[in-house]
Amino acid sequence: MDYLKQQDKKLGQVIDRIGLVERAVIPDLFAALVNSIVGQQISMKAADTIWLRMQERFTEITPENLVVKTAEEVQQCGITMKKALYIKNIAQAVDSGAFNIAGLAKLPDEEVCRRLSALPGVGRWTAEMLMTFCLQRKDVVSWGDLAIRRGMMLLYRHRKLDRAKFEKYRRRYSPFGTIASFYLWEIAADSNLKK
C-alpha cells in the first residue's frame with residue numbers, strides 16, 4: 001500500500017480513504033479454478049450464490065466429488081450447461097492425472113496462464129483470477145476484467161481506456177499490481193471513491 005501511494009497520488013488518495021482491503025482466498029487450486037469458471041461473465045453476487053449452492057450440494061469441491069456427478073447435476077446449481085461441461089472435463093482431467101493442477105503453484109505467471117488456457121473453458125482472465133485468489137500472486141492486473149478497467153477509467157477520468165494506457169498504469173503498479181486491482185475493484189463498485 002505504501003509503495004502504491006508513492007507511485008500514484010490518485011490511487012494513494014483512494015487507499016487512504018478505504019484503508020485495508022481484504023479479499024477471501026480459496027487455498028485449494030481445483031476449488032479456486034471451479035470458482036473462477038463459475039464467476040465468468042456474471043456479477044459477483046450471482047457467482048457467490050451459485051458457489052454456495054455448489055458447496056451445499058457437493059460438500060467439497062474436489063475432482064473426486066465432481067467427476068462422479070453428471071453435467072446436469074452441476075448445471076442445477078445455476079450455471080450454464082457449457083460451464084457445467086467445462087467443470088466436468090477439468091475434474092476428469094485432474095482426477096485422471098492428465099492435468100497436473102498442483103504443479104501450477106511453482107510456475108511463473110505466464111506459464112500458469114498458458115497451461116490453464118489450454119483447458120476448455122479457461123482463458124487468461126480465469127487464470128489471472130486463480131493467480132489472484134488462490135496462488136496469491138502479487139502482480140496481477142487483468143486487462144480482461146471489466147471492473148478493473150472501469151475502476152481505472154473512473155480513477156483517472158478517462159472516457160476510453162486503450163491497451164497502451166492500461167499497460168502504463170499496470171507498469172506503474174508493479175510489482176504490487178494485485179493490491180492495485182483490489183482498489184480498482186472497490187472504485188468500480190462505488191464510483192464515489194474516485195472523488
# chains A, B, ... in the order shown; residues from 1 in each chain; ligands from 1

$ residues_around --residues "region 41-46 of chain A" --least-positions-apart "3" --cutoff "10 Å" --atoms "only C-alpha atoms" --output "count of residues only"
9

$ residues_around --residues "Leu116 (chain A)" --least-positions-apart "4" --cutoff "12 Å" --atoms "only C-alpha atoms" --output "PDB file with C-alpha atoms, in the first residue's frame"
ATOM      1  CA  LEU A  29      -6.296 -24.916  -6.634  1.00  0.00           C
ATOM      2  CA  PHE A  30      -9.093 -27.077  -8.049  1.00  0.00           C
ATOM      3  CA  LEU A  33     -10.438 -22.884 -10.607  1.00  0.00           C
ATOM      4  CA  SER A  36     -13.293 -18.773 -11.329  1.00  0.00           C
ATOM      5  CA  ILE A  37     -15.230 -20.625 -14.032  1.00  0.00           C
ATOM      6  CA  ILE A  90     -11.498 -30.302 -15.857  1.00  0.00           C
ATOM      7  CA  ALA A  93      -8.514 -34.232 -16.411  1.00  0.00           C
ATOM      8  CA  VAL A  94      -7.313 -33.522 -12.859  1.00  0.00           C
ATOM      9  CA  PHE A  99      -3.671 -32.199 -15.917  1.00  0.00           C
ATOM     10  CA  ASN A 100      -1.254 -31.506 -13.040  1.00  0.00           C
ATOM     11  CA  ILE A 101      -3.052 -28.725 -11.211  1.00  0.00           C
ATOM     12  CA  ALA A 102      -0.766 -28.858  -8.153  1.00  0.00           C
ATOM     13  CA  GLY A 103       2.232 -28.114 -10.383  1.00  0.00           C
ATOM     14  CA  LEU A 104       0.866 -24.658 -11.217  1.00  0.00           C
ATOM     15  CA  ALA A 105       1.979 -23.261  -7.862  1.00  0.00           C
ATOM     16  CA  LEU A 107       5.308 -21.934 -12.313  1.00  0.00           C
ATOM     17  CA  ASP A 109       2.641 -16.289 -14.106  1.00  0.00           C
ATOM     18  CA  GLU A 110       2.837 -16.525 -17.899  1.00  0.00           C
ATOM     19  CA  GLU A 111       3.267 -20.288 -17.782  1.00  0.00           C
ATOM     20  CA  VAL A 112       0.301 -20.616 -15.414  1.00  0.00           C
ATOM     21  CA  PRO A 120     -11.539 -25.876 -22.478  1.00  0.00           C
ATOM     22  CA  GLY A 121     -13.458 -23.024 -20.873  1.00  0.00           C
ATOM     23  CA  VAL A 122     -10.400 -21.422 -19.292  1.00  0.00           C
ATOM     24  CA  GLY A 123      -8.932 -18.233 -20.675  1.00  0.00           C
ATOM     25  CA  ARG A 124      -6.484 -15.668 -19.476  1.00  0.00           C
ATOM     26  CA  TRP A 125      -8.979 -13.880 -17.179  1.00  0.00           C
ATOM     27  CA  THR A 126      -9.824 -17.132 -15.392  1.00  0.00           C
ATOM     28  CA  ALA A 127      -6.123 -17.922 -14.982  1.00  0.00           C
ATOM     29  CA  GLU A 128      -5.475 -14.425 -13.622  1.00  0.00           C
ATOM     30  CA  MET A 129      -8.302 -14.782 -11.087  1.00  0.00           C
ATOM     31  CA  LEU A 130      -6.801 -18.099  -9.973  1.00  0.00           C
ATOM     32  CA  MET A 131      -3.416 -16.430  -9.559  1.00  0.00           C
TER      33      MET A 131
END

$ closest_residue --among "A:Arg159, A:Arg149, A:Ser142, A:Lys69" --to "Thr178 (chain A)" --atoms "only C-alpha atoms"
A:Ser142

$ residues_around --residues "Ile26 (chain A)" --least-positions-apart "6" --cutoff "8 Å" --atoms "only C-alpha atoms" --output "CSV table (one decimal) with N, CA, C and O atoms, in the first residue's frame"
chain,number,residue,atom,x,y,z
A,32,ALA,N,-10.6,-23.4,-6.4
A,32,ALA,CA,-10.4,-22.0,-6.9
A,32,ALA,C,-10.7,-21.9,-8.4
A,32,ALA,O,-11.3,-20.9,-8.9
A,133,PHE,N,-6.7,-15.1,-6.4
A,133,PHE,CA,-7.5,-15.5,-5.3
A,133,PHE,C,-7.1,-16.9,-4.8
A,133,PHE,O,-7.7,-17.4,-3.8
A,134,CYS,N,-6.1,-17.5,-5.3
A,134,CYS,CA,-5.6,-18.8,-4.8
A,134,CYS,C,-4.1,-18.8,-4.7
A,134,CYS,O,-3.6,-19.0,-3.6

$ residues_around --residues "Gln13 (chain A)" --least-positions-apart "4" --cutoff "12 Å" --atoms "only C-alpha atoms" --output "short mmCIF file (atom, residue, chain, number, x, y, z; two decimals) with all heavy atoms, in the first residue's frame"
data_model
loop_
_atom_site.label_atom_id
_atom_site.label_comp_id
_atom_site.auth_asym_id
_atom_site.auth_seq_id
_atom_site.Cartn_x
_atom_site.Cartn_y
_atom_site.Cartn_z
N MET A 1 0.82 -1.19 0.00
CA MET A 1 0.00 0.00 0.00
C MET A 1 0.87 1.26 0.00
O MET A 1 0.59 2.20 -0.74
CB MET A 1 -0.94 -0.02 1.21
CG MET A 1 -2.05 -1.06 1.10
SD MET A 1 -2.91 -1.39 2.67
CE MET A 1 -3.60 0.18 3.07
N ASP A 2 1.91 1.25 0.81
CA ASP A 2 2.81 2.41 0.86
C ASP A 2 3.48 2.63 -0.49
O ASP A 2 3.60 3.76 -0.95
CB ASP A 2 3.87 2.22 1.95
CG ASP A 2 3.29 2.31 3.35
OD1 ASP A 2 2.18 2.88 3.50
OD2 ASP A 2 3.92 1.80 4.29
N LEU A 4 2.37 1.76 -3.47
CA LEU A 4 1.39 2.26 -4.44
C LEU A 4 1.07 3.73 -4.19
O LEU A 4 0.89 4.50 -5.13
CB LEU A 4 0.11 1.42 -4.39
CG LEU A 4 0.25 -0.02 -4.92
CD1 LEU A 4 -1.00 -0.82 -4.60
CD2 LEU A 4 0.55 -0.04 -6.41
N LYS A 5 1.02 4.12 -2.92
CA LYS A 5 0.75 5.52 -2.60
C LYS A 5 1.88 6.42 -3.10
O LYS A 5 1.63 7.54 -3.55
CB LYS A 5 0.54 5.69 -1.09
CG LYS A 5 -0.79 5.15 -0.62
CD LYS A 5 -1.15 5.64 0.77
CE LYS A 5 -0.60 4.79 1.85
NZ LYS A 5 -1.13 5.15 3.19
N GLN A 6 3.11 5.91 -3.04
CA GLN A 6 4.25 6.68 -3.55
C GLN A 6 4.22 6.76 -5.07
O GLN A 6 4.58 7.77 -5.66
CB GLN A 6 5.57 6.05 -3.10
CG GLN A 6 5.86 6.22 -1.63
CD GLN A 6 7.09 5.41 -1.20
OE1 GLN A 6 7.69 4.69 -1.99
NE2 GLN A 6 7.45 5.54 0.06
N GLN A 7 3.82 5.67 -5.70
CA GLN A 7 3.84 5.57 -7.16
C GLN A 7 2.72 6.36 -7.84
O GLN A 7 2.87 6.80 -8.96
CB GLN A 7 3.73 4.11 -7.59
CG GLN A 7 4.94 3.27 -7.30
CD GLN A 7 6.14 3.73 -8.09
OE1 GLN A 7 7.05 4.33 -7.55
NE2 GLN A 7 6.15 3.44 -9.37
N ASP A 8 1.56 6.47 -7.16
CA ASP A 8 0.38 7.02 -7.81
C ASP A 8 -0.44 7.81 -6.79
O ASP A 8 -1.10 7.23 -5.93
CB ASP A 8 -0.45 5.88 -8.41
CG ASP A 8 -1.55 6.37 -9.32
OD1 ASP A 8 -2.46 7.05 -8.83
OD2 ASP A 8 -1.51 6.06 -10.52
N LYS A 9 -0.41 9.14 -6.93
CA LYS A 9 -1.08 10.01 -5.96
C LYS A 9 -2.59 9.78 -5.93
O LYS A 9 -3.20 9.72 -4.87
CB LYS A 9 -0.78 11.47 -6.30
CG LYS A 9 -1.13 12.43 -5.18
CD LYS A 9 -0.69 13.84 -5.52
CE LYS A 9 0.77 14.03 -5.18
NZ LYS A 9 1.21 15.43 -5.29
N ARG A 17 -8.55 6.61 1.80
CA ARG A 17 -9.99 6.69 2.13
C ARG A 17 -10.56 5.32 2.50
O ARG A 17 -11.38 5.22 3.40
CB ARG A 17 -10.76 7.27 0.95
CG ARG A 17 -10.54 8.78 0.83
CD ARG A 17 -11.22 9.37 -0.35
NE ARG A 17 -12.67 9.34 -0.21
CZ ARG A 17 -13.50 9.76 -1.16
NH1 ARG A 17 -13.02 10.23 -2.30
NH2 ARG A 17 -14.80 9.73 -0.98
N ILE A 18 -10.14 4.28 1.79
CA ILE A 18 -10.71 2.95 2.02
C ILE A 18 -10.02 2.23 3.17
O ILE A 18 -10.67 1.54 3.95
CB ILE A 18 -10.61 2.08 0.74
CG1 ILE A 18 -11.43 2.68 -0.37
CG2 ILE A 18 -11.04 0.65 1.02
CD1 ILE A 18 -11.28 1.97 -1.71
N GLY A 19 -8.72 2.37 3.23
CA GLY A 19 -7.95 1.59 4.21
C GLY A 19 -7.66 0.21 3.65
O GLY A 19 -7.69 -0.01 2.44
N LEU A 155 -10.99 6.39 -11.92
CA LEU A 155 -9.91 6.98 -11.13
C LEU A 155 -9.18 8.08 -11.91
O LEU A 155 -8.90 9.15 -11.38
CB LEU A 155 -8.92 5.90 -10.68
CG LEU A 155 -7.74 6.37 -9.83
CD1 LEU A 155 -8.22 6.99 -8.52
CD2 LEU A 155 -6.78 5.22 -9.56
N TYR A 183 -8.12 -2.27 -5.14
CA TYR A 183 -8.65 -0.91 -5.01
C TYR A 183 -9.42 -0.49 -6.26
O TYR A 183 -10.43 0.21 -6.16
CB TYR A 183 -7.53 0.07 -4.66
CG TYR A 183 -7.10 -0.13 -3.23
CD1 TYR A 183 -6.00 -0.92 -2.92
CD2 TYR A 183 -7.84 0.42 -2.18
CE1 TYR A 183 -5.64 -1.16 -1.60
CE2 TYR A 183 -7.48 0.19 -0.86
CZ TYR A 183 -6.39 -0.60 -0.58
OH TYR A 183 -6.04 -0.85 0.74
N ILE A 187 -13.25 0.89 -6.45
CA ILE A 187 -13.66 2.11 -7.15
C ILE A 187 -14.80 1.79 -8.13
O ILE A 187 -15.78 2.53 -8.20
CB ILE A 187 -12.46 2.73 -7.91
CG1 ILE A 187 -11.42 3.24 -6.91
CG2 ILE A 187 -12.92 3.86 -8.84
CD1 ILE A 187 -10.07 3.54 -7.54
N LEU A 193 -15.82 6.83 -4.74
CA LEU A 193 -14.45 6.76 -4.21
C LEU A 193 -13.45 7.55 -5.05
O LEU A 193 -12.39 7.91 -4.57
CB LEU A 193 -14.00 5.30 -4.13
CG LEU A 193 -14.70 4.46 -3.05
CD1 LEU A 193 -14.36 2.99 -3.24
CD2 LEU A 193 -14.28 4.93 -1.67
N LYS A 194 -13.75 7.78 -6.30
CA LYS A 194 -12.80 8.50 -7.16
C LYS A 194 -12.77 9.99 -6.86
O LYS A 194 -11.86 10.69 -7.25
CB LYS A 194 -13.11 8.26 -8.63
CG LYS A 194 -14.41 8.94 -9.06
CD LYS A 194 -14.56 8.93 -10.54
CE LYS A 194 -15.87 9.51 -11.00
NZ LYS A 194 -16.41 10.67 -10.35
N LYS A 195 -13.81 10.49 -6.19
CA LYS A 195 -13.92 11.93 -5.95
C LYS A 195 -13.03 12.40 -4.83
O LYS A 195 -12.77 11.71 -3.90
CB LYS A 195 -15.38 12.28 -5.65
CG LYS A 195 -16.26 12.05 -6.86
CD LYS A 195 -17.70 12.28 -6.51
CE LYS A 195 -18.58 11.97 -7.72
NZ LYS A 195 -19.95 11.82 -7.38
#

$ atom_distance --atom1 "CA of Phe176 (chain A)" --atom2 "CA of Leu119 (chain A)"
27.8 Å

$ select_by_dssp --residues "region 9-98 of chain A" --states "helix (DSSP H, G or I)" --output "count of residues only"
61

$ atom_distance --atom1 "CA of Leu85 (chain A)" --atom2 "CA of Pro63 (chain A)"
13.3 Å

$ closest_residue --among "A:Ala147, A:Ala188, A:Ile87, A:Cys113" --to "Thr70 (chain A)" --atoms "only C-alpha atoms"
A:Ile87

$ closest_residue --among "A:Val34, A:Arg57, A:Pro108, A:Arg170" --to "Ala84 (chain A)" --atoms "only C-alpha atoms"
A:Val34

$ atom_distance --atom1 "CA of Lys82 (chain A)" --atom2 "CA of Gly97 (chain A)"
22.7 Å

$ closest_residue --among "A:Tyr156, A:Phe182, A:Tyr3, A:Trp143" --to "Ala24 (chain A)" --atoms "only C-alpha atoms"
A:Phe182

$ closest_residue --among "A:Glu64, A:Asp190, A:Gln76, A:Val141" --to "Lys168 (chain A)" --atoms "only C-alpha atoms"
A:Val141
